[in-house]
Amino acid sequence: MKPLTLGALCVVALAACSNPEAERQQQAAAAAQERARREADADGIARLYDAAVTATEWEKARVHGAALLDQFPDSDAARRIEPGFAEVKEKAEAARELRRMQGLWSYNQVSVGSKGVQRSALIQGKERVDVDGSGPKVVQLVFRDHPEWKRHAYLVLQSGDFAKACYGSCQVTVTVDDQAPRRMAAYRPDTDEAIAMFITDNRGLWRLARKATVVRIEFPVKAGGTRTAVFETGGLNGSQMPAGWD
């Protein structure tokens with residue numbers, strides 16, 4: 001028997017390596033493995049998404065949902081969550097906005113000896129206000145609970161002053177979100193220790209701030225006319241003040 005020539009060996013090798021059916025089966029198996037791997041990865045992200053939704057952690061749910069839809073758009077998991085994902089994004093945006101507004105408030109507790117503890121909640125105006133021509137300055141809204149002086153709500157200026165008429169009694173205009181403006185009694189203490197004006201109905205203003213997203217307070221100033229401070233009160237945490245404020 002004659003040995004195979006080099007050409008004959010190449011023909012035999014080519015015949016062995018070019019089985020179309022075997023190649024198709026190999027490719028199909030590889031594709032199935034890849035699909036299974038991607039579905040498994042997608043299921044892993046979907047479990048994180050589902051857990052976040054169950055826990056109402058909407059910002060986490062949005063992150064996991066976006067990753068799932070972006071990385072594995074053709075997966076069964078992506079098709080399952082896609083119909084409800086728009087609602088999750090809306091809730092995540094609302095949660096982010098609430099967290100932002102919560103961060104606008106500062107809370108403080110100060111011991112006043114044997115009398116107890118003074119508690120306060122403070123927020124700065126959304127924008128600075130020019131009350132006397134010296135340039136825009138911060139306006140603050142403060143709620144205070146003092147063991148001796150009791151409850152107060154008041155505005156604080158960094159410069160300028162409130163109208164002299166307020167040393168006795170005046171009024172401010174309070175607008176809550178898109179509701180009609182309402183007038184509230186106020187007064188400026190006859191002291192130079194702080195440029196503050198107290199809102200007489202502190203309970204009423206507190207209730208408005210607790211329910212509102214935005215509170216606008218228009219007040220008269222010494223320089224003439226009125227100015228308006230805008231406070232994003234939606235993140236006010238009532239538990240930071242003593243029981244009874246709510």
# chains A, B, ... in the order shown; residues from 1 in each chain; ligands from 1

call {"tool": "residues_around", "arguments": {"residues": "Asp192 of chain A", "least_positions_apart": "2", "cutoff": "12 Å", "atoms": "only C-alpha atoms", "output": "list in words"}}
result
Leu157, Ser159, Gly160, Asp161, Phe162, Tyr167, Arg188, Pro189, Asp190, Ala194, Ile195, Ala196 and Met197 of chain A

call {"tool": "write_last_selection", "arguments": {"atoms": "N, CA, C and O atoms", "output": "mmCIF file, in the first residue's frame"}}
result
data_model
loop_
_atom_site.group_PDB
_atom_site.id
_atom_site.type_symbol
_atom_site.label_atom_id
_atom_site.label_comp_id
_atom_site.auth_asym_id
_atom_site.auth_seq_id
_atom_site.Cartn_x
_atom_site.Cartn_y
_atom_site.Cartn_z
ATOM 1 N N LEU A 157 -33.085 88.073 59.695
ATOM 2 C CA LEU A 157 -32.344 88.754 58.638
ATOM 3 C C LEU A 157 -30.862 88.827 59.009
ATOM 4 O O LEU A 157 -30.504 88.889 60.183
ATOM 5 N N SER A 159 -28.979 91.332 57.575
ATOM 6 C CA SER A 159 -28.711 92.772 57.518
ATOM 7 C C SER A 159 -30.041 93.478 57.292
ATOM 8 O O SER A 159 -31.066 92.853 57.033
ATOM 9 N N GLY A 160 -30.022 94.831 57.377
ATOM 10 C CA GLY A 160 -31.258 95.574 57.216
ATOM 11 C C GLY A 160 -32.172 95.340 58.407
ATOM 12 O O GLY A 160 -31.740 94.901 59.478
ATOM 13 N N ASP A 161 -33.451 95.622 58.239
ATOM 14 C CA ASP A 161 -34.384 95.454 59.343
ATOM 15 C C ASP A 161 -35.801 95.373 58.799
ATOM 16 O O ASP A 161 -36.067 95.705 57.631
ATOM 17 N N PHE A 162 -36.678 94.906 59.655
ATOM 18 C CA PHE A 162 -38.090 94.890 59.329
ATOM 19 C C PHE A 162 -38.673 96.289 59.535
ATOM 20 O O PHE A 162 -38.080 97.141 60.205
ATOM 21 N N TYR A 167 -42.597 96.707 65.068
ATOM 22 C CA TYR A 167 -42.189 96.696 66.469
ATOM 23 C C TYR A 167 -43.409 96.544 67.367
ATOM 24 O O TYR A 167 -43.293 96.080 68.507
ATOM 25 N N ARG A 188 -42.053 92.461 65.557
ATOM 26 C CA ARG A 188 -40.594 92.570 65.683
ATOM 27 C C ARG A 188 -40.280 92.986 67.125
ATOM 28 O O ARG A 188 -40.700 94.057 67.568
ATOM 29 N N PRO A 189 -39.565 92.152 67.912
ATOM 30 C CA PRO A 189 -39.230 92.540 69.285
ATOM 31 C C PRO A 189 -38.412 93.824 69.302
ATOM 32 O O PRO A 189 -37.582 94.063 68.420
ATOM 33 N N ASP A 190 -38.628 94.642 70.296
ATOM 34 C CA ASP A 190 -37.907 95.910 70.425
ATOM 35 C C ASP A 190 -36.548 95.654 71.059
ATOM 36 O O ASP A 190 -36.286 95.978 72.219
ATOM 37 N N ALA A 194 -30.964 90.733 67.875
ATOM 38 C CA ALA A 194 -31.118 89.934 66.659
ATOM 39 C C ALA A 194 -32.171 90.584 65.782
ATOM 40 O O ALA A 194 -33.139 91.169 66.278
ATOM 41 N N ILE A 195 -31.972 90.494 64.481
ATOM 42 C CA ILE A 195 -32.950 91.060 63.544
ATOM 43 C C ILE A 195 -33.953 89.952 63.224
ATOM 44 O O ILE A 195 -33.815 89.212 62.253
ATOM 45 N N ALA A 196 -34.963 89.828 64.074
ATOM 46 C CA ALA A 196 -35.925 88.736 63.953
ATOM 47 C C ALA A 196 -37.342 89.280 64.007
ATOM 48 O O ALA A 196 -37.610 90.295 64.644
ATOM 49 N N MET A 197 -38.248 88.593 63.330
ATOM 50 C CA MET A 197 -39.668 88.925 63.392
ATOM 51 C C MET A 197 -40.451 87.638 63.631
ATOM 52 O O MET A 197 -40.307 86.662 62.895
#

call {"tool": "closest_atom_pairs", "arguments": {"of": "segment 72-167 of chain A", "to": "segment 228-245 of chain A", "cutoff": "12 Å", "atoms": "only C-alpha atoms", "output": "JSON lines"}}
result
{"residue": "A:Ala94", "atom": "CA", "partner": "A:Gly234", "partner_atom": "CA", "distance": 11.3}
{"residue": "A:Ala95", "atom": "CA", "partner": "A:Gly235", "partner_atom": "CA", "distance": 10.7}
{"residue": "A:Arg96", "atom": "CA", "partner": "A:Gly235", "partner_atom": "CA", "distance": 11.1}
{"residue": "A:Glu97", "atom": "CA", "partner": "A:Gly235", "partner_atom": "CA", "distance": 8.9}
{"residue": "A:Leu98", "atom": "CA", "partner": "A:Gly235", "partner_atom": "CA", "distance": 5.9}
{"residue": "A:Arg99", "atom": "CA", "partner": "A:Gly235", "partner_atom": "CA", "distance": 7.2}
{"residue": "A:Arg100", "atom": "CA", "partner": "A:Gly235", "partner_atom": "CA", "distance": 7.8}
{"residue": "A:Met101", "atom": "CA", "partner": "A:Gly235", "partner_atom": "CA", "distance": 4.6}
{"residue": "A:Gln102", "atom": "CA", "partner": "A:Gly235", "partner_atom": "CA", "distance": 3.9}
{"residue": "A:Gly103", "atom": "CA", "partner": "A:Gly235", "partner_atom": "CA", "distance": 7.4}
{"residue": "A:Leu104", "atom": "CA", "partner": "A:Gly235", "partner_atom": "CA", "distance": 7.5}
{"residue": "A:Trp105", "atom": "CA", "partner": "A:Leu236", "partner_atom": "CA", "distance": 6.7}
{"residue": "A:Ser106", "atom": "CA", "partner": "A:Leu236", "partner_atom": "CA", "distance": 9.4}
{"residue": "A:Tyr107", "atom": "CA", "partner": "A:Gln240", "partner_atom": "CA", "distance": 7.0}
{"residue": "A:Asn108", "atom": "CA", "partner": "A:Gln240", "partner_atom": "CA", "distance": 8.6}
{"residue": "A:Gln109", "atom": "CA", "partner": "A:Gln240", "partner_atom": "CA", "distance": 9.2}
{"residue": "A:Gly116", "atom": "CA", "partner": "A:Pro242", "partner_atom": "CA", "distance": 11.8}
{"residue": "A:Val117", "atom": "CA", "partner": "A:Pro242", "partner_atom": "CA", "distance": 10.0}
{"residue": "A:Gln118", "atom": "CA", "partner": "A:Met241", "partner_atom": "CA", "distance": 9.5}
{"residue": "A:Arg119", "atom": "CA", "partner": "A:Met241", "partner_atom": "CA", "distance": 6.3}
{"residue": "A:Ser120", "atom": "CA", "partner": "A:Met241", "partner_atom": "CA", "distance": 7.1}
{"residue": "A:Ala121", "atom": "CA", "partner": "A:Gln240", "partner_atom": "CA", "distance": 7.6}
{"residue": "A:Leu122", "atom": "CA", "partner": "A:Leu236", "partner_atom": "CA", "distance": 9.4}
{"residue": "A:Ile123", "atom": "CA", "partner": "A:Phe231", "partner_atom": "CA", "distance": 7.2}
{"residue": "A:Gln124", "atom": "CA", "partner": "A:Phe231", "partner_atom": "CA", "distance": 6.8}
{"residue": "A:Gly125", "atom": "CA", "partner": "A:Phe231", "partner_atom": "CA", "distance": 4.8}
{"residue": "A:Lys126", "atom": "CA", "partner": "A:Val230", "partner_atom": "CA", "distance": 5.5}
{"residue": "A:Glu127", "atom": "CA", "partner": "A:Val230", "partner_atom": "CA", "distance": 7.0}
{"residue": "A:Arg128", "atom": "CA", "partner": "A:Ala229", "partner_atom": "CA", "distance": 7.8}
{"residue": "A:Val129", "atom": "CA", "partner": "A:Ala229", "partner_atom": "CA", "distance": 6.8}
{"residue": "A:Asp130", "atom": "CA", "partner": "A:Thr228", "partner_atom": "CA", "distance": 9.7}
{"residue": "A:Val131", "atom": "CA", "partner": "A:Thr228", "partner_atom": "CA", "distance": 9.3}
{"residue": "A:Pro136", "atom": "CA", "partner": "A:Ala229", "partner_atom": "CA", "distance": 11.1}
{"residue": "A:Lys137", "atom": "CA", "partner": "A:Ala229", "partner_atom": "CA", "distance": 10.5}
{"residue": "A:Val138", "atom": "CA", "partner": "A:Ala229", "partner_atom": "CA", "distance": 9.1}
{"residue": "A:Val139", "atom": "CA", "partner": "A:Ala229", "partner_atom": "CA", "distance": 6.7}
{"residue": "A:Gln140", "atom": "CA", "partner": "A:Ala229", "partner_atom": "CA", "distance": 8.5}
{"residue": "A:Leu141", "atom": "CA", "partner": "A:Phe231", "partner_atom": "CA", "distance": 7.8}
{"residue": "A:Val142", "atom": "CA", "partner": "A:Phe231", "partner_atom": "CA", "distance": 11.0}
{"residue": "A:Phe143", "atom": "CA", "partner": "A:Met241", "partner_atom": "CA", "distance": 8.9}
{"residue": "A:Arg144", "atom": "CA", "partner": "A:Met241", "partner_atom": "CA", "distance": 8.4}
{"residue": "A:Asp145", "atom": "CA", "partner": "A:Met241", "partner_atom": "CA", "distance": 7.4}
{"residue": "A:His146", "atom": "CA", "partner": "A:Pro242", "partner_atom": "CA", "distance": 10.0}
{"residue": "A:Pro147", "atom": "CA", "partner": "A:Pro242", "partner_atom": "CA", "distance": 10.5}
{"residue": "A:Lys150", "atom": "CA", "partner": "A:Pro242", "partner_atom": "CA", "distance": 11.0}
{"residue": "A:Arg151", "atom": "CA", "partner": "A:Trp245", "partner_atom": "CA", "distance": 8.8}
{"residue": "A:His152", "atom": "CA", "partner": "A:Trp245", "partner_atom": "CA", "distance": 10.8}
{"residue": "A:Ala153", "atom": "CA", "partner": "A:Trp245", "partner_atom": "CA", "distance": 11.5}
{"residue": "A:Leu155", "atom": "CA", "partner": "A:Ala229", "partner_atom": "CA", "distance": 9.4}
{"residue": "A:Val156", "atom": "CA", "partner": "A:Ala229", "partner_atom": "CA", "distance": 10.7}
{"residue": "A:Leu157", "atom": "CA", "partner": "A:Ala229", "partner_atom": "CA", "distance": 10.4}

call {"tool": "select_by_dssp", "arguments": {"residues": "segment 37-197 of chain A", "states": "alpha helix (DSSP H)", "output": "PyMOL selection string"}}
result
chain A and resi 37-54+58-71+76-102
